[in-house]
Amino acid sequence: MKNPQISTIGRQITVFAQAPPTPNYKWFSCISSTVFTALCLLPIFSAAGNAQTPQNRLIKIGVVQRFGTKATDKLTLKALPGDSLTLSYKTPQGTETKTTPSIKLEIANKPLQSPLVEERVVLSSHRSFESAEDSANQWRAKGIDVEIAQPSRWQVWAKRDIYNSPIVRRWLLQSLQAQGNKTAFLDSKVIKQIPQAFWVLNGFRFNRNELDVTAGKNTIEVLEQTTLEATATEPEKALQQTRRYGGSLHLQKNSYGTYTLVNEVPTETYLRGVVPHEIGAFSPYASIVAQTILARTYALRNLRRFAVDNYELCADVNCQVYKGLTEVFPQSDKAIAQTAGLVLTYENQLVDALYSASSGGVTATFGDVWHGPERPYLRSIIDSPNKVWDLSKQSLSDETNFRRFMTLKAGFNEEKEETFRWREQVSLTSIGGFLRQYLQKKKHPLANFKTLTKVEVVERSAAGRVLQMKVQTDLGPIDIDKDEIRNAFYPPISTLFYLEPIYNADKTLNGYAFVGGGFGHGVGMSQTGSYNLANLGWNGDRILGFYFPGAQVVPLNDSITFWRE
């Protein structure tokens, strides 16, 4: 992998309550071509970047999503040398402001006078937002109000302000169970204390659930300190990291009883912290251009993800990796400025701008990986500028064809990449242990199986992706499908694989070798594949046209729909 690392989009997520309808934002672009102007550069390189413009809207990003999970959590916010922070918070008398060079946010556990029972009906649990959103839509079609959240995995919850009493929640759960539903469960816990955020300034302690922080130079440094819990193999250890963020910061409560630190930043400034950490700052320039247009499109299409928590995007692989202004690079800054306001559309709607590290030689359709309607521009294509395989004549749903395809190693865009082809052997015991943990998190009825006797691929798509696997256990068979497979099993890093049984000397089954290709979901653009196309002389538009057939690169304008349910 290149440094900074490549990361993939569309990984594990959790579904919460139903988000409010997302407005169809309509903006104008500051450019009419890929040539940028001084006006477009301002949001990227100067303090004027904090001004919201139609083509450069502010985005709310949860940069620290679960502050207060541990009583030892600390956040230190600092202004740059020669600058100061302005703190704004509510008091009974109104809004109060103070200035300081830095502030340390800490957590104190506040005991409750009487224990509080917190519960919600979890209707389904998912690895990804994409599948969670499809599930949420299905529940709505049945007349059940829902919301999407991410306490750890993405979950769909019965909407809390509708199912707001123990009787109503239990009635709903019992009704679903009577209809044969086995995925819904009641998530209930007794709370005896709650985390309270506080800071000390001029000898006075402020206990507040909300805080707005700005800086004169529009840049704030954040030192995050937390503790990683001990595991069976690793002792407890302290973890800290420092990031710099443009724009403003807001501390606010979330739906899980903790706090989120939200960075409100213009889109083009946001991209400076995304592009080099997704594609690699020293990648071929045309691939950086393609990534920039995708990252902008992805962000604007996905503003609904965290509506339940009152922000829009996260800063990790569940959205796009975002590191603020901590590390910015001339090549990616140039691509951001050169493409300012450009997005990828299909029939005048922003595309689902998906990408992954490596396709393994063939890209997947949306439905190969997630539940939900297909996107016509996300097709299965051979990831090569050459005619190395004809999917129309040799479908990879056929196991013989698929295994022959996996022996091919020349002529592909990714053939020099380490993850293009891989093989990993694992014992039945290890498979069982990993699977058991996964099922327990989902509250699966067969989660406490003791022995696992067989694992098999039941169905694969025309692009070779595994659509369904079946596991035989002492409690019965368990089916796992699509992207859930990468959560349920170690080690497949994509769903483009086949199984090879491994036997002991006495011919009993020891385990399996997962033999596969690619890294990530494989839908849309292959980042490492784009390197080769760029090195062949393709420009960013042509690369995007290859991976998103039928889509067009256009300036943002008032007719474009960001997202349609």
# chains A, B, ... in the order shown; residues from 1 in each chain; ligands from 1

$ select_by_dssp --residues "region 227-299 of chain A" --states "strand (DSSP E or B)" --output "VMD selection string"
chain A and resid 227 to 228 237 to 246 248 to 253 259 to 266

$ write_last_selection --atoms "N, CA and C atoms" --output "short mmCIF file (atom, residue, chain, number, x, y, z; two decimals), in the first residue's frame"
data_model
loop_
_atom_site.label_atom_id
_atom_site.label_comp_id
_atom_site.auth_asym_id
_atom_site.auth_seq_id
_atom_site.Cartn_x
_atom_site.Cartn_y
_atom_site.Cartn_z
N THR A 227 -7.98 5.44 26.41
CA THR A 227 -7.33 4.21 26.86
C THR A 227 -7.93 3.02 26.12
N LEU A 228 -7.07 2.20 25.56
CA LEU A 228 -7.52 0.97 24.92
C LEU A 228 -7.62 -0.11 25.97
N LYS A 237 -3.54 0.00 27.35
CA LYS A 237 -2.53 0.99 26.99
C LYS A 237 -3.19 2.32 26.62
N ALA A 238 -2.43 3.38 26.85
CA ALA A 238 -2.92 4.72 26.52
C ALA A 238 -2.69 4.99 25.04
N LEU A 239 -3.64 5.72 24.45
CA LEU A 239 -3.54 6.08 23.04
C LEU A 239 -3.79 7.56 22.91
N GLN A 240 -2.96 8.23 22.12
CA GLN A 240 -3.22 9.64 21.86
C GLN A 240 -2.82 9.99 20.43
N GLN A 241 -3.53 10.97 19.87
CA GLN A 241 -3.22 11.44 18.53
C GLN A 241 -3.55 12.92 18.44
N THR A 242 -2.81 13.62 17.59
CA THR A 242 -3.02 15.05 17.41
C THR A 242 -3.44 15.32 15.98
N ARG A 243 -4.48 16.11 15.81
CA ARG A 243 -4.97 16.50 14.50
C ARG A 243 -5.18 18.03 14.48
N ARG A 244 -5.08 18.59 13.28
CA ARG A 244 -5.42 20.00 13.08
C ARG A 244 -6.64 20.08 12.17
N TYR A 245 -7.60 20.91 12.55
CA TYR A 245 -8.83 21.03 11.77
C TYR A 245 -9.09 22.48 11.38
N GLY A 246 -9.44 22.69 10.11
CA GLY A 246 -9.93 23.97 9.67
C GLY A 246 -11.38 24.12 10.08
N SER A 248 -14.67 25.25 12.41
CA SER A 248 -15.00 25.34 13.83
C SER A 248 -15.24 23.95 14.40
N LEU A 249 -15.29 23.86 15.73
CA LEU A 249 -15.55 22.61 16.43
C LEU A 249 -16.75 22.79 17.36
N HIS A 250 -17.51 21.72 17.51
CA HIS A 250 -18.71 21.75 18.37
C HIS A 250 -18.74 20.46 19.18
N LEU A 251 -18.82 20.58 20.48
CA LEU A 251 -19.04 19.42 21.35
C LEU A 251 -20.53 19.28 21.57
N GLN A 252 -21.08 18.09 21.32
CA GLN A 252 -22.53 17.90 21.46
C GLN A 252 -22.84 16.47 21.88
N LYS A 253 -24.01 16.27 22.47
CA LYS A 253 -24.44 14.94 22.88
C LYS A 253 -24.82 14.13 21.64
N TYR A 259 -20.52 11.85 23.93
CA TYR A 259 -20.43 13.11 23.19
C TYR A 259 -19.73 12.88 21.85
N THR A 260 -20.00 13.79 20.92
CA THR A 260 -19.29 13.81 19.65
C THR A 260 -18.68 15.19 19.45
N LEU A 261 -17.41 15.21 19.04
CA LEU A 261 -16.78 16.46 18.66
C LEU A 261 -16.94 16.60 17.14
N VAL A 262 -17.66 17.62 16.73
CA VAL A 262 -18.02 17.81 15.33
C VAL A 262 -17.22 18.96 14.74
N ASN A 263 -16.59 18.69 13.60
CA ASN A 263 -15.85 19.71 12.85
C ASN A 263 -16.74 20.23 11.73
N GLU A 264 -17.06 21.52 11.76
CA GLU A 264 -17.84 22.12 10.69
C GLU A 264 -16.88 22.85 9.76
N VAL A 265 -16.81 22.37 8.51
CA VAL A 265 -15.74 22.82 7.62
C VAL A 265 -16.26 22.90 6.19
N PRO A 266 -15.78 23.86 5.38
CA PRO A 266 -16.19 23.92 3.97
C PRO A 266 -15.78 22.66 3.22
#

$ residues_around --residues "Asn401 (chain A)" --least-positions-apart "4" --cutoff "12 Å" --atoms "only C-alpha atoms" --output "list in words"
Trp389, Asp390, Leu391, Lys393, Gln394, Ser395, Leu396, Ser397, Phe405, Met406, Thr407, Leu408, Arg460, Ser461, Ala462, Ala463, Gly464 and Tyr498 of chain A

$ atom_distance --atom1 "CA of Val343 (chain A)" --atom2 "CA of Asn302 (chain A)"
13.3 Å

$ closest_residue --among "A:Ala215, A:Leu509, A:Val156, A:Ala286" --to "Leu80 (chain A)" --atoms "only C-alpha atoms"
A:Ala215

$ select_by_dssp --residues "region 232-358 of chain A" --states "alpha helix (DSSP H)" --output "MDAnalysis selection string"
chainID A and resid 267:272 275 285:301 330:338

$ atom_distance --atom1 "CA of Arg120 (chain A)" --atom2 "CA of Ser165 (chain A)"
9.6 Å

$ residues_around --residues "Arg375 (chain A)" --least-positions-apart "2" --cutoff "12 Å" --atoms "only C-alpha atoms" --output "short mmCIF file (atom, residue, chain, number, x, y, z; two decimals) with N, CA and C atoms, in the first residue's frame"
data_model
loop_
_atom_site.label_atom_id
_atom_site.label_comp_id
_atom_site.auth_asym_id
_atom_site.auth_seq_id
_atom_site.Cartn_x
_atom_site.Cartn_y
_atom_site.Cartn_z
N THR A 345 -22.03 12.55 -11.96
CA THR A 345 -23.50 12.40 -11.95
C THR A 345 -23.95 11.35 -12.96
N TYR A 346 -25.17 10.87 -12.73
CA TYR A 346 -25.85 9.98 -13.68
C TYR A 346 -27.30 10.42 -13.71
N GLU A 347 -27.77 10.78 -14.90
CA GLU A 347 -29.14 11.30 -15.06
C GLU A 347 -29.44 12.41 -14.07
N GLN A 349 -28.22 13.17 -11.20
CA GLN A 349 -28.15 12.88 -9.76
C GLN A 349 -26.73 12.47 -9.42
N LEU A 350 -26.25 12.87 -8.25
CA LEU A 350 -24.93 12.44 -7.82
C LEU A 350 -24.87 10.92 -7.79
N VAL A 351 -23.80 10.34 -8.30
CA VAL A 351 -23.66 8.89 -8.27
C VAL A 351 -23.30 8.42 -6.87
N ASP A 352 -23.52 7.16 -6.62
CA ASP A 352 -23.02 6.52 -5.41
C ASP A 352 -21.53 6.31 -5.66
N ALA A 353 -20.71 7.25 -5.19
CA ALA A 353 -19.31 7.36 -5.59
C ALA A 353 -18.42 6.40 -4.80
N LEU A 354 -18.60 5.12 -5.02
CA LEU A 354 -17.91 4.09 -4.25
C LEU A 354 -16.55 3.77 -4.85
N ALA A 364 -17.42 -5.18 -8.92
CA ALA A 364 -18.70 -5.75 -8.52
C ALA A 364 -19.83 -4.76 -8.76
N THR A 365 -21.02 -5.27 -8.91
CA THR A 365 -22.21 -4.40 -8.92
C THR A 365 -22.58 -4.06 -7.49
N PHE A 366 -23.45 -3.09 -7.31
CA PHE A 366 -23.93 -2.73 -5.98
C PHE A 366 -24.56 -3.95 -5.31
N GLY A 367 -25.43 -4.66 -6.04
CA GLY A 367 -26.15 -5.80 -5.48
C GLY A 367 -25.28 -7.01 -5.20
N ASP A 368 -24.07 -7.05 -5.71
CA ASP A 368 -23.14 -8.13 -5.38
C ASP A 368 -22.69 -8.04 -3.93
N TRP A 370 -24.21 -5.35 -1.44
CA TRP A 370 -25.19 -4.82 -0.50
C TRP A 370 -26.61 -5.14 -0.94
N HIS A 371 -27.54 -4.99 -0.03
CA HIS A 371 -28.95 -5.11 -0.36
C HIS A 371 -29.45 -3.73 -0.78
N GLY A 372 -30.32 -3.72 -1.77
CA GLY A 372 -30.85 -2.46 -2.27
C GLY A 372 -30.87 -2.46 -3.78
N PRO A 373 -31.50 -1.47 -4.38
CA PRO A 373 -31.61 -1.42 -5.84
C PRO A 373 -30.25 -1.23 -6.50
N TYR A 377 -24.87 2.56 -13.25
CA TYR A 377 -23.49 2.93 -13.57
C TYR A 377 -22.47 2.11 -12.78
N LEU A 378 -22.91 1.28 -11.85
CA LEU A 378 -22.01 0.40 -11.10
C LEU A 378 -22.14 -1.01 -11.68
N ARG A 379 -21.35 -1.28 -12.69
CA ARG A 379 -21.43 -2.54 -13.42
C ARG A 379 -20.21 -3.40 -13.14
N SER A 380 -20.33 -4.66 -13.49
CA SER A 380 -19.18 -5.57 -13.40
C SER A 380 -18.34 -5.38 -14.66
N VAL A 523 -16.56 -2.40 -5.48
CA VAL A 523 -17.58 -1.69 -6.25
C VAL A 523 -17.03 -0.32 -6.66
N GLY A 524 -17.29 0.07 -7.92
CA GLY A 524 -16.84 1.37 -8.38
C GLY A 524 -15.37 1.37 -8.75
N PHE A 548 -17.20 3.98 -13.97
CA PHE A 548 -18.61 4.37 -13.79
C PHE A 548 -19.22 4.60 -15.17
N PRO A 549 -19.44 3.55 -15.96
CA PRO A 549 -19.94 3.72 -17.33
C PRO A 549 -21.25 4.49 -17.37
N GLY A 550 -21.30 5.48 -18.24
CA GLY A 550 -22.52 6.26 -18.40
C GLY A 550 -22.59 7.48 -17.51
N ALA A 551 -21.70 7.61 -16.53
CA ALA A 551 -21.71 8.77 -15.63
C ALA A 551 -20.94 9.92 -16.26
#

$ closest_residue --among "A:Gly94, A:Gly341, A:Pro445, A:Pro276" --to "Ala184 (chain A)" --atoms "only C-alpha atoms"
A:Pro445

$ decode --residues "region 151-184 of chain A" --atoms "N, CA, C and O atoms" --output "PDB file, in the first residue's frame"
ATOM      1  N   PRO A 151     -24.025   2.597  16.912  1.00  0.00           N
ATOM      2  CA  PRO A 151     -23.372   2.466  18.215  1.00  0.00           C
ATOM      3  C   PRO A 151     -22.045   1.719  18.104  1.00  0.00           C
ATOM      4  O   PRO A 151     -21.093   2.014  18.796  1.00  0.00           O
ATOM      5  N   SER A 152     -21.981   0.734  17.240  1.00  0.00           N
ATOM      6  CA  SER A 152     -20.735   0.030  16.864  1.00  0.00           C
ATOM      7  C   SER A 152     -20.953  -0.449  15.432  1.00  0.00           C
ATOM      8  O   SER A 152     -20.448   0.136  14.491  1.00  0.00           O
ATOM      9  N   ARG A 153     -21.774  -1.523  15.271  1.00  0.00           N
ATOM     10  CA  ARG A 153     -22.263  -1.860  13.939  1.00  0.00           C
ATOM     11  C   ARG A 153     -23.412  -0.911  13.580  1.00  0.00           C
ATOM     12  O   ARG A 153     -23.999  -0.282  14.455  1.00  0.00           O
ATOM     13  N   TRP A 154     -23.707  -0.822  12.274  1.00  0.00           N
ATOM     14  CA  TRP A 154     -24.895  -0.073  11.887  1.00  0.00           C
ATOM     15  C   TRP A 154     -26.131  -0.858  12.318  1.00  0.00           C
ATOM     16  O   TRP A 154     -26.184  -2.069  12.168  1.00  0.00           O
ATOM     17  N   GLN A 155     -27.104  -0.167  12.849  1.00  0.00           N
ATOM     18  CA  GLN A 155     -28.345  -0.792  13.286  1.00  0.00           C
ATOM     19  C   GLN A 155     -29.549   0.016  12.814  1.00  0.00           C
ATOM     20  O   GLN A 155     -29.466   1.230  12.655  1.00  0.00           O
ATOM     21  N   VAL A 156     -30.650  -0.685  12.599  1.00  0.00           N
ATOM     22  CA  VAL A 156     -31.938  -0.027  12.364  1.00  0.00           C
ATOM     23  C   VAL A 156     -32.735  -0.150  13.660  1.00  0.00           C
ATOM     24  O   VAL A 156     -32.955  -1.257  14.143  1.00  0.00           O
ATOM     25  N   TRP A 157     -33.142   0.985  14.199  1.00  0.00           N
ATOM     26  CA  TRP A 157     -33.935   1.021  15.424  1.00  0.00           C
ATOM     27  C   TRP A 157     -35.384   1.406  15.115  1.00  0.00           C
ATOM     28  O   TRP A 157     -35.641   2.220  14.221  1.00  0.00           O
ATOM     29  N   ALA A 158     -36.310   0.839  15.873  1.00  0.00           N
ATOM     30  CA  ALA A 158     -37.664   1.391  15.886  1.00  0.00           C
ATOM     31  C   ALA A 158     -37.553   2.809  16.454  1.00  0.00           C
ATOM     32  O   ALA A 158     -36.903   3.033  17.470  1.00  0.00           O
ATOM     33  N   LYS A 159     -38.152   3.753  15.780  1.00  0.00           N
ATOM     34  CA  LYS A 159     -37.930   5.150  16.137  1.00  0.00           C
ATOM     35  C   LYS A 159     -38.311   5.414  17.591  1.00  0.00           C
ATOM     36  O   LYS A 159     -39.422   5.130  18.020  1.00  0.00           O
ATOM     37  N   ARG A 160     -37.360   5.975  18.312  1.00  0.00           N
ATOM     38  CA  ARG A 160     -37.501   6.076  19.766  1.00  0.00           C
ATOM     39  C   ARG A 160     -38.625   6.993  20.218  1.00  0.00           C
ATOM     40  O   ARG A 160     -39.271   6.738  21.227  1.00  0.00           O
ATOM     41  N   ASP A 161     -38.866   8.091  19.495  1.00  0.00           N
ATOM     42  CA  ASP A 161     -39.940   8.986  19.951  1.00  0.00           C
ATOM     43  C   ASP A 161     -41.326   8.486  19.571  1.00  0.00           C
ATOM     44  O   ASP A 161     -42.338   9.034  20.006  1.00  0.00           O
ATOM     45  N   ILE A 162     -41.397   7.424  18.770  1.00  0.00           N
ATOM     46  CA  ILE A 162     -42.673   6.777  18.466  1.00  0.00           C
ATOM     47  C   ILE A 162     -42.890   5.591  19.412  1.00  0.00           C
ATOM     48  O   ILE A 162     -43.932   5.473  20.062  1.00  0.00           O
ATOM     49  N   TYR A 163     -41.889   4.733  19.513  1.00  0.00           N
ATOM     50  CA  TYR A 163     -41.962   3.571  20.415  1.00  0.00           C
ATOM     51  C   TYR A 163     -41.292   3.976  21.723  1.00  0.00           C
ATOM     52  O   TYR A 163     -40.185   3.552  22.057  1.00  0.00           O
ATOM     53  N   ASN A 164     -41.987   4.830  22.453  1.00  0.00           N
ATOM     54  CA  ASN A 164     -41.371   5.549  23.567  1.00  0.00           C
ATOM     55  C   ASN A 164     -41.778   5.052  24.946  1.00  0.00           C
ATOM     56  O   ASN A 164     -41.553   5.735  25.939  1.00  0.00           O
ATOM     57  N   SER A 165     -42.384   3.859  25.019  1.00  0.00           N
ATOM     58  CA  SER A 165     -42.718   3.302  26.332  1.00  0.00           C
ATOM     59  C   SER A 165     -42.409   1.805  26.331  1.00  0.00           C
ATOM     60  O   SER A 165     -42.428   1.168  25.268  1.00  0.00           O
ATOM     61  N   PRO A 166     -42.115   1.242  27.501  1.00  0.00           N
ATOM     62  CA  PRO A 166     -41.805  -0.199  27.566  1.00  0.00           C
ATOM     63  C   PRO A 166     -42.924  -1.062  26.981  1.00  0.00           C
ATOM     64  O   PRO A 166     -42.649  -2.055  26.301  1.00  0.00           O
ATOM     65  N   ILE A 167     -44.182  -0.679  27.205  1.00  0.00           N
ATOM     66  CA  ILE A 167     -45.307  -1.491  26.713  1.00  0.00           C
ATOM     67  C   ILE A 167     -45.336  -1.506  25.188  1.00  0.00           C
ATOM     68  O   ILE A 167     -45.476  -2.558  24.559  1.00  0.00           O
ATOM     69  N   VAL A 168     -45.167  -0.325  24.596  1.00  0.00           N
ATOM     70  CA  VAL A 168     -45.219  -0.224  23.137  1.00  0.00           C
ATOM     71  C   VAL A 168     -44.047  -0.964  22.506  1.00  0.00           C
ATOM     72  O   VAL A 168     -44.198  -1.648  21.481  1.00  0.00           O
ATOM     73  N   ARG A 169     -42.868  -0.852  23.117  1.00  0.00           N
ATOM     74  CA  ARG A 169     -41.688  -1.532  22.569  1.00  0.00           C
ATOM     75  C   ARG A 169     -41.863  -3.054  22.620  1.00  0.00           C
ATOM     76  O   ARG A 169     -41.541  -3.760  21.655  1.00  0.00           O
ATOM     77  N   ARG A 170     -42.380  -3.542  23.725  1.00  0.00           N
ATOM     78  CA  ARG A 170     -42.560  -4.999  23.841  1.00  0.00           C
ATOM     79  C   ARG A 170     -43.680  -5.502  22.944  1.00  0.00           C
ATOM     80  O   ARG A 170     -43.605  -6.608  22.401  1.00  0.00           O
ATOM     81  N   TRP A 171     -44.689  -4.672  22.779  1.00  0.00           N
ATOM     82  CA  TRP A 171     -45.762  -5.052  21.850  1.00  0.00           C
ATOM     83  C   TRP A 171     -45.209  -5.190  20.432  1.00  0.00           C
ATOM     84  O   TRP A 171     -45.528  -6.151  19.726  1.00  0.00           O
ATOM     85  N   LEU A 172     -44.379  -4.252  20.034  1.00  0.00           N
ATOM     86  CA  LEU A 172     -43.791  -4.310  18.693  1.00  0.00           C
ATOM     87  C   LEU A 172     -42.931  -5.559  18.533  1.00  0.00           C
ATOM     88  O   LEU A 172     -43.063  -6.293  17.544  1.00  0.00           O
ATOM     89  N   LEU A 173     -42.078  -5.820  19.509  1.00  0.00           N
ATOM     90  CA  LEU A 173     -41.178  -6.967  19.419  1.00  0.00           C
ATOM     91  C   LEU A 173     -41.968  -8.273  19.376  1.00  0.00           C
ATOM     92  O   LEU A 173     -41.675  -9.167  18.563  1.00  0.00           O
ATOM     93  N   GLN A 174     -42.979  -8.403  20.232  1.00  0.00           N
ATOM     94  CA  GLN A 174     -43.786  -9.628  20.250  1.00  0.00           C
ATOM     95  C   GLN A 174     -44.553  -9.811  18.939  1.00  0.00           C
ATOM     96  O   GLN A 174     -44.694 -10.923  18.444  1.00  0.00           O
ATOM     97  N   SER A 175     -45.024  -8.711  18.357  1.00  0.00           N
ATOM     98  CA  SER A 175     -45.733  -8.785  17.078  1.00  0.00           C
ATOM     99  C   SER A 175     -44.796  -9.278  15.982  1.00  0.00           C
ATOM    100  O   SER A 175     -45.182 -10.123  15.156  1.00  0.00           O
ATOM    101  N   LEU A 176     -43.584  -8.786  15.981  1.00  0.00           N
ATOM    102  CA  LEU A 176     -42.611  -9.199  14.963  1.00  0.00           C
ATOM    103  C   LEU A 176     -42.237 -10.660  15.129  1.00  0.00           C
ATOM    104  O   LEU A 176     -42.138 -11.413  14.153  1.00  0.00           O
ATOM    105  N   GLN A 177     -42.032 -11.072  16.370  1.00  0.00           N
ATOM    106  CA  GLN A 177     -41.674 -12.468  16.625  1.00  0.00           C
ATOM    107  C   GLN A 177     -42.809 -13.406  16.246  1.00  0.00           C
ATOM    108  O   GLN A 177     -42.578 -14.500  15.729  1.00  0.00           O
ATOM    109  N   ALA A 178     -44.051 -12.984  16.471  1.00  0.00           N
ATOM    110  CA  ALA A 178     -45.209 -13.806  16.100  1.00  0.00           C
ATOM    111  C   ALA A 178     -45.302 -13.979  14.590  1.00  0.00           C
ATOM    112  O   ALA A 178     -45.844 -14.967  14.092  1.00  0.00           O
ATOM    113  N   GLN A 179     -44.734 -13.011  13.845  1.00  0.00           N
ATOM    114  CA  GLN A 179     -44.725 -13.092  12.386  1.00  0.00           C
ATOM    115  C   GLN A 179     -43.504 -13.848  11.856  1.00  0.00           C
ATOM    116  O   GLN A 179     -43.293 -13.927  10.654  1.00  0.00           O
ATOM    117  N   GLY A 180     -42.673 -14.388  12.776  1.00  0.00           N
ATOM    118  CA  GLY A 180     -41.523 -15.190  12.374  1.00  0.00           C
ATOM    119  C   GLY A 180     -40.216 -14.435  12.283  1.00  0.00           C
ATOM    120  O   GLY A 180     -39.194 -15.006  11.864  1.00  0.00           O
ATOM    121  N   ASN A 181     -40.190 -13.166  12.679  1.00  0.00           N
ATOM    122  CA  ASN A 181     -38.948 -12.408  12.623  1.00  0.00           C
ATOM    123  C   ASN A 181     -37.964 -12.892  13.685  1.00  0.00           C
ATOM    124  O   ASN A 181     -38.334 -13.071  14.850  1.00  0.00           O
ATOM    125  N   LYS A 182     -36.707 -13.106  13.285  1.00  0.00           N
ATOM    126  CA  LYS A 182     -35.691 -13.598  14.214  1.00  0.00           C
ATOM    127  C   LYS A 182     -34.530 -12.632  14.384  1.00  0.00           C
ATOM    128  O   LYS A 182     -33.577 -12.922  15.110  1.00  0.00           O
ATOM    129  N   THR A 183     -34.576 -11.492  13.704  1.00  0.00           N
ATOM    130  CA  THR A 183     -33.454 -10.552  13.797  1.00  0.00           C
ATOM    131  C   THR A 183     -33.678  -9.454  14.828  1.00  0.00           C
ATOM    132  O   THR A 183     -32.729  -8.921  15.395  1.00  0.00           O
ATOM    133  N   ALA A 184     -34.928  -9.088  15.098  1.00  0.00           N
ATOM    134  CA  ALA A 184     -35.207  -7.989  16.024  1.00  0.00           C
ATOM    135  C   ALA A 184     -34.969  -8.434  17.469  1.00  0.00           C
ATOM    136  O   ALA A 184     -35.231  -9.574  17.839  1.00  0.00           O
TER     137      ALA A 184
END
